[in-house]
>>> print(open('coords05.csv').read())   # CSV, C-alpha atoms
chain,number,residue,atom,x,y,z
E,15,LEU,CA,204.6,5.1,-70.9
E,16,GLU,CA,205.7,7.2,-73.9
E,17,TRP,CA,209.1,7.7,-75.4
E,18,LEU,CA,210.3,11.2,-75.8
E,19,GLU,CA,213.0,12.2,-78.3
E,20,PRO,CA,215.8,14.5,-77.0
E,21,ASP,CA,214.2,17.8,-78.2
E,22,ALA,CA,210.8,16.9,-76.8
E,23,PHE,CA,212.3,15.5,-73.6
E,24,ILE,CA,214.2,18.8,-73.0
E,25,LYS,CA,211.1,20.9,-73.7
E,26,THR,CA,208.9,18.8,-71.4
E,27,SER,CA,211.4,18.7,-68.5
E,28,GLY,CA,212.8,22.2,-68.8
E,29,ARG,CA,216.3,20.8,-68.4
E,30,ALA,CA,218.8,21.3,-71.2
E,31,ASP,CA,221.2,18.7,-69.8
E,32,LEU,CA,218.6,15.9,-70.4
E,33,ASP,CA,219.7,15.6,-74.0
E,34,ARG,CA,219.5,11.9,-74.6
E,35,GLY,CA,215.8,11.4,-74.7
E,36,GLY,CA,213.9,9.2,-72.2
E,37,VAL,CA,210.6,7.9,-71.0
E,38,ARG,CA,207.8,9.5,-69.0
E,39,TYR,CA,204.4,8.5,-67.6
E,40,ILE,CA,201.7,9.6,-70.1
E,41,GLY,CA,200.0,12.6,-68.6
E,42,GLY,CA,202.7,13.0,-66.0
E,43,ARG,CA,200.9,10.6,-63.6
E,44,CYS,CA,202.9,8.7,-61.0
E,45,VAL,CA,201.9,5.7,-58.9
E,46,ASP,CA,201.3,6.4,-55.2
E,47,PRO,CA,202.3,3.0,-53.7
E,48,ARG,CA,200.8,3.6,-50.2
E,49,GLY,CA,197.5,4.9,-51.6
E,50,TYR,CA,197.3,2.1,-54.1
E,51,LEU,CA,197.9,-0.6,-51.4
E,52,ASP,CA,195.3,1.0,-49.1
E,53,ALA,CA,192.7,1.0,-51.9
E,54,LEU,CA,193.6,-2.6,-52.8
E,55,ARG,CA,193.0,-3.6,-49.1
E,56,VAL,CA,189.6,-2.0,-49.2
E,57,LEU,CA,188.7,-3.9,-52.3
E,58,ASN,CA,189.9,-7.2,-50.9
E,59,GLU,CA,187.9,-6.7,-47.7
E,60,GLN,CA,184.7,-6.5,-49.8
E,61,ALA,CA,185.5,-9.7,-51.7
E,62,GLY,CA,184.7,-12.2,-49.0
E,63,GLU,CA,185.8,-13.8,-45.8
E,64,PHE,CA,189.6,-13.5,-45.3
E,65,SER,CA,192.1,-12.0,-43.0
E,66,VAL,CA,195.5,-10.3,-43.5
E,67,VAL,CA,198.4,-10.7,-41.1
E,68,GLU,CA,201.1,-8.2,-41.9
E,69,GLU,CA,203.6,-9.4,-39.3
E,70,ALA,CA,205.8,-12.3,-40.2
E,71,VAL,CA,204.2,-14.9,-38.0
E,72,ASP,CA,204.6,-18.6,-38.6
E,73,PRO,CA,201.8,-19.4,-41.1
E,74,ARG,CA,201.7,-23.0,-39.8
E,75,SER,CA,200.3,-21.6,-36.6
E,76,LEU,CA,197.2,-20.0,-38.2
E,77,GLU,CA,193.9,-21.8,-38.2
E,78,HIS,CA,192.7,-21.3,-41.7
E,79,ALA,CA,191.5,-23.8,-44.3
E,80,GLU,CA,194.0,-22.2,-46.7
E,81,THR,CA,196.9,-19.9,-45.8
E,82,ILE,CA,199.0,-18.0,-48.3
E,83,LEU,CA,202.4,-16.8,-47.1
E,84,CYS,CA,203.2,-13.8,-49.4
E,85,GLY,CA,206.8,-13.9,-48.5
E,86,GLY,CA,209.2,-11.0,-48.6
E,87,ALA,CA,212.7,-10.6,-47.2
E,88,ASP,CA,211.5,-10.6,-43.5
E,89,ALA,CA,209.5,-13.8,-43.9
E,90,PHE,CA,212.3,-15.5,-45.9
E,91,ARG,CA,214.8,-14.7,-43.1
E,92,LYS,CA,212.5,-15.9,-40.4
E,93,PHE,CA,211.2,-19.1,-42.1
E,94,PRO,CA,213.8,-20.1,-44.7
E,95,ASP,CA,212.7,-23.7,-44.6
E,96,LEU,CA,209.4,-22.7,-46.2
E,97,PHE,CA,211.0,-21.2,-49.2
E,98,PRO,CA,212.6,-22.7,-52.3
E,99,GLY,CA,216.3,-22.5,-53.1
E,100,GLY,CA,217.9,-20.2,-55.6
E,101,LEU,CA,216.7,-17.0,-53.9
E,102,THR,CA,218.7,-13.9,-53.2
E,103,LEU,CA,218.3,-10.6,-51.3
E,104,THR,CA,219.0,-7.1,-52.4
E,105,ARG,CA,219.5,-4.2,-50.1
E,106,GLY,CA,218.8,-0.7,-51.5
E,107,GLU,CA,219.1,2.9,-50.3
E,108,SER,CA,217.0,5.8,-51.6
E,109,LEU,CA,216.9,9.5,-51.2
E,110,VAL,CA,213.9,11.3,-49.8
E,111,TYR,CA,213.1,14.8,-51.2
E,112,ASP,CA,210.5,17.3,-50.1
E,113,GLY,CA,207.2,16.5,-51.9
E,114,SER,CA,206.6,20.1,-53.1
E,115,THR,CA,209.7,20.1,-55.3
E,116,THR,CA,209.5,18.0,-58.4
E,117,ASN,CA,211.1,18.1,-61.9
E,118,GLY,CA,207.9,18.8,-63.8
E,119,PRO,CA,206.3,15.6,-65.1
E,120,ALA,CA,207.1,12.2,-63.5
E,121,LEU,CA,210.2,11.4,-65.6
E,122,LEU,CA,211.8,8.0,-65.8
E,123,ARG,CA,215.2,7.4,-67.2
E,124,GLY,CA,217.1,4.5,-65.7
E,125,SER,CA,215.9,5.7,-62.2
E,126,TYR,CA,212.7,6.6,-60.6
E,127,LEU,CA,210.9,9.3,-58.6
E,128,CYS,CA,207.7,8.4,-56.8
E,129,PRO,CA,205.6,9.6,-53.9
E,130,GLY,CA,206.3,8.1,-50.5
E,131,THR,CA,205.0,8.4,-46.9
E,132,ASN,CA,207.3,11.4,-46.1
E,133,GLY,CA,208.1,12.8,-49.4
E,134,LEU,CA,209.4,11.9,-52.9
E,135,ILE,CA,211.5,8.7,-53.0
E,136,LEU,CA,214.3,8.9,-55.6
E,137,GLY,CA,216.4,6.1,-57.0
E,138,ALA,CA,217.9,3.1,-55.3
E,139,THR,CA,221.3,1.6,-54.8
E,140,HIS,CA,221.8,-2.2,-55.1
E,141,GLU,CA,223.7,-4.6,-52.9
E,142,HIS,CA,223.1,-8.2,-53.7
E,143,PHE,CA,223.4,-11.1,-51.1
E,144,ASP,CA,223.2,-14.9,-51.6
E,145,ASP,CA,223.3,-15.4,-47.8
E,146,SER,CA,220.1,-14.3,-46.1
E,147,LYS,CA,222.0,-13.6,-42.8
E,148,ALA,CA,224.4,-11.2,-44.6
E,149,ALA,CA,221.7,-8.8,-45.8
E,150,VAL,CA,221.3,-6.9,-42.6
E,151,ASP,CA,218.8,-4.1,-42.0
E,152,ALA,CA,221.5,-1.4,-41.5
E,153,PRO,CA,220.6,2.3,-41.3
E,154,PRO,CA,220.9,4.2,-44.5
E,155,SER,CA,223.9,6.3,-45.4
E,156,ALA,CA,223.9,10.0,-44.7
E,157,PRO,CA,221.7,11.7,-47.4
E,158,GLU,CA,224.5,14.0,-48.5
E,159,ALA,CA,226.9,11.1,-49.0
E,160,LEU,CA,224.3,9.1,-50.9
E,161,ARG,CA,223.5,12.1,-53.1
E,162,ALA,CA,227.2,12.6,-53.9
E,163,GLY,CA,227.8,8.8,-54.4
E,164,GLY,CA,225.6,6.0,-55.5
E,165,LEU,CA,222.6,8.1,-56.4
E,166,ARG,CA,224.4,11.1,-57.9
E,167,GLU,CA,223.4,10.4,-61.5
E,168,ALA,CA,219.7,9.7,-60.6
E,169,ALA,CA,219.5,12.9,-58.5
E,170,ASP,CA,221.1,14.9,-61.3
E,171,LEU,CA,218.5,13.6,-63.7
E,172,LEU,CA,215.4,13.7,-61.6
E,173,ALA,CA,215.7,16.1,-58.7
E,174,ALA,CA,214.5,19.6,-59.4
E,175,PRO,CA,217.2,22.3,-59.1
E,176,GLY,CA,217.3,23.4,-55.5
E,177,ALA,CA,215.1,20.6,-54.3
E,178,SER,CA,215.1,20.1,-50.6
E,179,LEU,CA,216.7,16.8,-49.5
E,180,LYS,CA,214.9,15.5,-46.4
E,181,GLY,CA,216.8,12.3,-45.7
E,182,ALA,CA,217.4,8.7,-46.8
E,183,THR,CA,215.8,5.3,-46.4
E,184,ALA,CA,216.9,1.7,-46.8
E,185,GLY,CA,215.3,-1.7,-47.2
E,186,VAL,CA,215.8,-5.3,-48.3
E,187,ARG,CA,213.8,-7.2,-50.9
E,188,LEU,CA,213.6,-10.8,-51.9
E,189,ASN,CA,214.4,-11.9,-55.5
E,190,GLY,CA,212.9,-15.0,-57.2
E,191,PRO,CA,214.9,-17.9,-58.6
E,192,ARG,CA,216.9,-17.3,-61.8
E,193,THR,CA,215.2,-18.8,-64.9
E,194,HIS,CA,215.8,-18.7,-68.7
E,195,LEU,CA,213.3,-15.8,-68.6
E,196,GLY,CA,215.2,-13.9,-65.9
E,197,ARG,CA,214.3,-13.8,-62.2
E,198,LEU,CA,210.6,-14.5,-61.8
E,199,PRO,CA,208.4,-14.6,-58.7
E,200,PHE,CA,207.3,-18.0,-57.4
E,201,ALA,CA,204.2,-19.7,-56.1
E,202,PHE,CA,203.7,-23.3,-54.9
E,203,ARG,CA,201.8,-25.4,-52.4
E,204,ARG,CA,204.1,-26.2,-49.6
E,205,ASP,CA,201.9,-28.3,-47.4
E,206,GLU,CA,198.2,-29.2,-47.1
E,207,GLY,CA,196.5,-25.8,-46.8
E,208,LEU,CA,199.7,-23.8,-47.0
E,209,TRP,CA,200.8,-21.9,-50.1
E,210,VAL,CA,204.0,-19.8,-50.4
E,211,ALA,CA,204.4,-17.0,-53.0
E,212,GLY,CA,206.8,-14.2,-53.3
E,213,GLY,CA,210.2,-13.2,-54.9
E,214,LEU,CA,208.8,-10.2,-56.7
E,215,GLY,CA,212.1,-8.3,-56.2
E,216,ALA,CA,212.0,-4.9,-57.9
E,217,ARG,CA,208.9,-5.9,-60.0
E,218,GLY,CA,206.2,-5.7,-57.3
E,219,PHE,CA,204.0,-3.3,-59.2
E,220,LEU,CA,204.4,-5.1,-62.5
E,221,ARG,CA,203.9,-8.7,-61.3
E,222,HIS,CA,201.8,-8.6,-58.0
E,223,ALA,CA,198.4,-8.8,-59.7
E,224,GLN,CA,199.4,-11.6,-62.0
E,225,LEU,CA,201.0,-13.5,-59.2
E,226,GLY,CA,198.0,-13.0,-56.9
E,227,GLU,CA,195.6,-14.2,-59.6
E,228,VAL,CA,197.7,-17.3,-60.2
E,229,VAL,CA,197.7,-18.2,-56.5
E,230,ALA,CA,194.0,-17.5,-56.0
E,231,ARG,CA,193.1,-19.7,-59.0
E,232,ALA,CA,195.3,-22.5,-57.7
E,233,VAL,CA,193.9,-22.3,-54.2
E,234,LEU,CA,190.4,-22.5,-55.5
E,235,GLY,CA,191.3,-25.4,-57.8
E,236,ASP,CA,190.7,-23.4,-60.9
E,237,GLY,CA,194.1,-24.0,-62.6
E,238,ASP,CA,197.7,-24.9,-61.9
E,239,VAL,CA,200.6,-22.5,-61.2
E,240,PRO,CA,202.3,-21.8,-64.5
E,241,GLU,CA,205.6,-23.6,-65.0
E,242,ALA,CA,207.5,-20.4,-65.1
E,243,PHE,CA,206.3,-19.6,-61.5
E,244,SER,CA,207.0,-23.1,-60.2
E,245,PRO,CA,210.4,-23.2,-58.5
E,246,ARG,CA,212.5,-26.3,-58.7
E,247,ARG,CA,215.7,-25.4,-56.8
E,248,GLY,CA,217.8,-26.7,-53.9
E,249,GLY,CA,216.5,-30.3,-54.1
E,250,VAL,CA,212.9,-29.1,-53.5
E,251,ASP,CA,210.4,-30.2,-56.2
E,252,GLU,CA,207.3,-28.0,-55.8
>>> encode(input="coords05.csv", output="structure tokens")
Amino acid sequence: LEWLEPDAFIKTSGRADLDRGGVRYIGGRCVDPRGYLDALRVLNEQAGEFSVVEEAVDPRSLEHAETILCGGADAFRKFPDLFPGGLTLTRGESLVYDGSTTNGPALLRGSYLCPGTNGLILGATHEHFDDSKAAVDAPPSAPEALRAGGLREAADLLAAPGASLKGATAGVRLNGPRTHLGRLPFAFRRDEGLWVAGGLGARGFLRHAQLGEVVARAVLGDGDVPEAFSPRRGGVDE
């Protein structure tokens, strides 16, 4: 990332209203989440004998020497007894714009704009829930209402003038326990041969490789899970 002062930010973006400076990806590059995950899967398939089960099935029913439940919101709601306490859920709604209309470089300024399956995903609202049953998978709001409401500022900053609005999307994510370092993901050995990891929240691309390496080393007996990633909540001492 590189910081741009107001004059440079205006020159780069072509938008005179972006007059408070900001941040951009160097070279205007933007992460393609789907493509990245597909490539990661191919690399993993070449690493050795393993299998990936994307559906949230009960990991205790799988016949593996070691099973890692990489738990998100879906798994947490289906198997809450496998997870530590202190977790919360966040529901977010995003706008989807036509992929051919962008605001020049991939600009970041308190919001985000990134490629998605059906177009460019812009911004996200935040509804926080302490009760897993309260965070329902409701349909997203009407795109026009979302554009005029919760994501108005993000769209004003990042959407190109005249950009074609295609729709809206919604999802629920799992946040890790609160610590003195903020909310961090967690990883621990739940039972013999069963590990649980997750709680990446909104930091999936920042923390996933670190968390994956921590769990892999622990499973192979090549180190312990760092204290910061070891949850001790809800009467459960992992």
>>> atom_distance(input="coords05.csv", atom1="atom CA of E:Cys128", atom2="atom CA of E:His222")
18.0 Å
>>> residues_around(input="coords05.csv", residues="E:Pro240", least_positions_apart="2", cutoff="10 Å", atoms="only C-alpha atoms", output="PyMOL selection string")
chain E and resi 200-202+225+228-229+232+237-238+242-244
>>> residues_around(input="coords05.csv", residues="E:Gly85", least_positions_apart="2", cutoff="6 Å", atoms="only C-alpha atoms", output="NGL selection string")
:E and (83 or 89 or 211-212)
>>> closest_residue(input="coords05.csv", among="E:Arg55, E:His140, E:Arg221, E:Arg231", to="E:Gly190", atoms="only C-alpha atoms")
E:Arg221
>>> atom_distance(input="coords05.csv", atom1="atom CA of E:Ala138", atom2="atom CA of E:Ala184")
8.7 Å
>>> closest_residue(input="coords05.csv", among="E:Leu96, E:Ala168, E:Leu136, E:Leu179", to="E:Ala156", atoms="only C-alpha atoms")
E:Leu179
>>> closest_residue(input="coords05.csv", among="E:Asp72, E:Asp144, E:Asp88, E:Glu80", to="E:Thr102", atoms="all atoms listed in the file")
E:Asp144
>>> closest_residue(input="coords05.csv", among="E:Asp52, E:Arg203, E:Leu101, E:Phe143", to="E:Gly235", atoms="only C-alpha atoms")
E:Arg203
>>> closest_residue(input="coords05.csv", among="E:Pro73, E:Gly207, E:Gly106, E:Gly163", to="E:Lys92", atoms="only C-alpha atoms")
E:Pro73
>>> atom_distance(input="coords05.csv", atom1="atom CA of E:Gly226", atom2="atom CA of E:Glu59")
15.0 Å
>>> closest_residue(input="coords05.csv", among="E:Lys25, E:Arg217, E:His142, E:Arg105", to="E:Thr183", atoms="all atoms listed in the file")
E:Arg105
>>> residues_around(input="coords05.csv", residues="E:Gly215", least_positions_apart="5", cutoff="8 Å", atoms="all atoms listed in the file", output="MDAnalysis selection string")
chainID E and resid 104 187:190 199
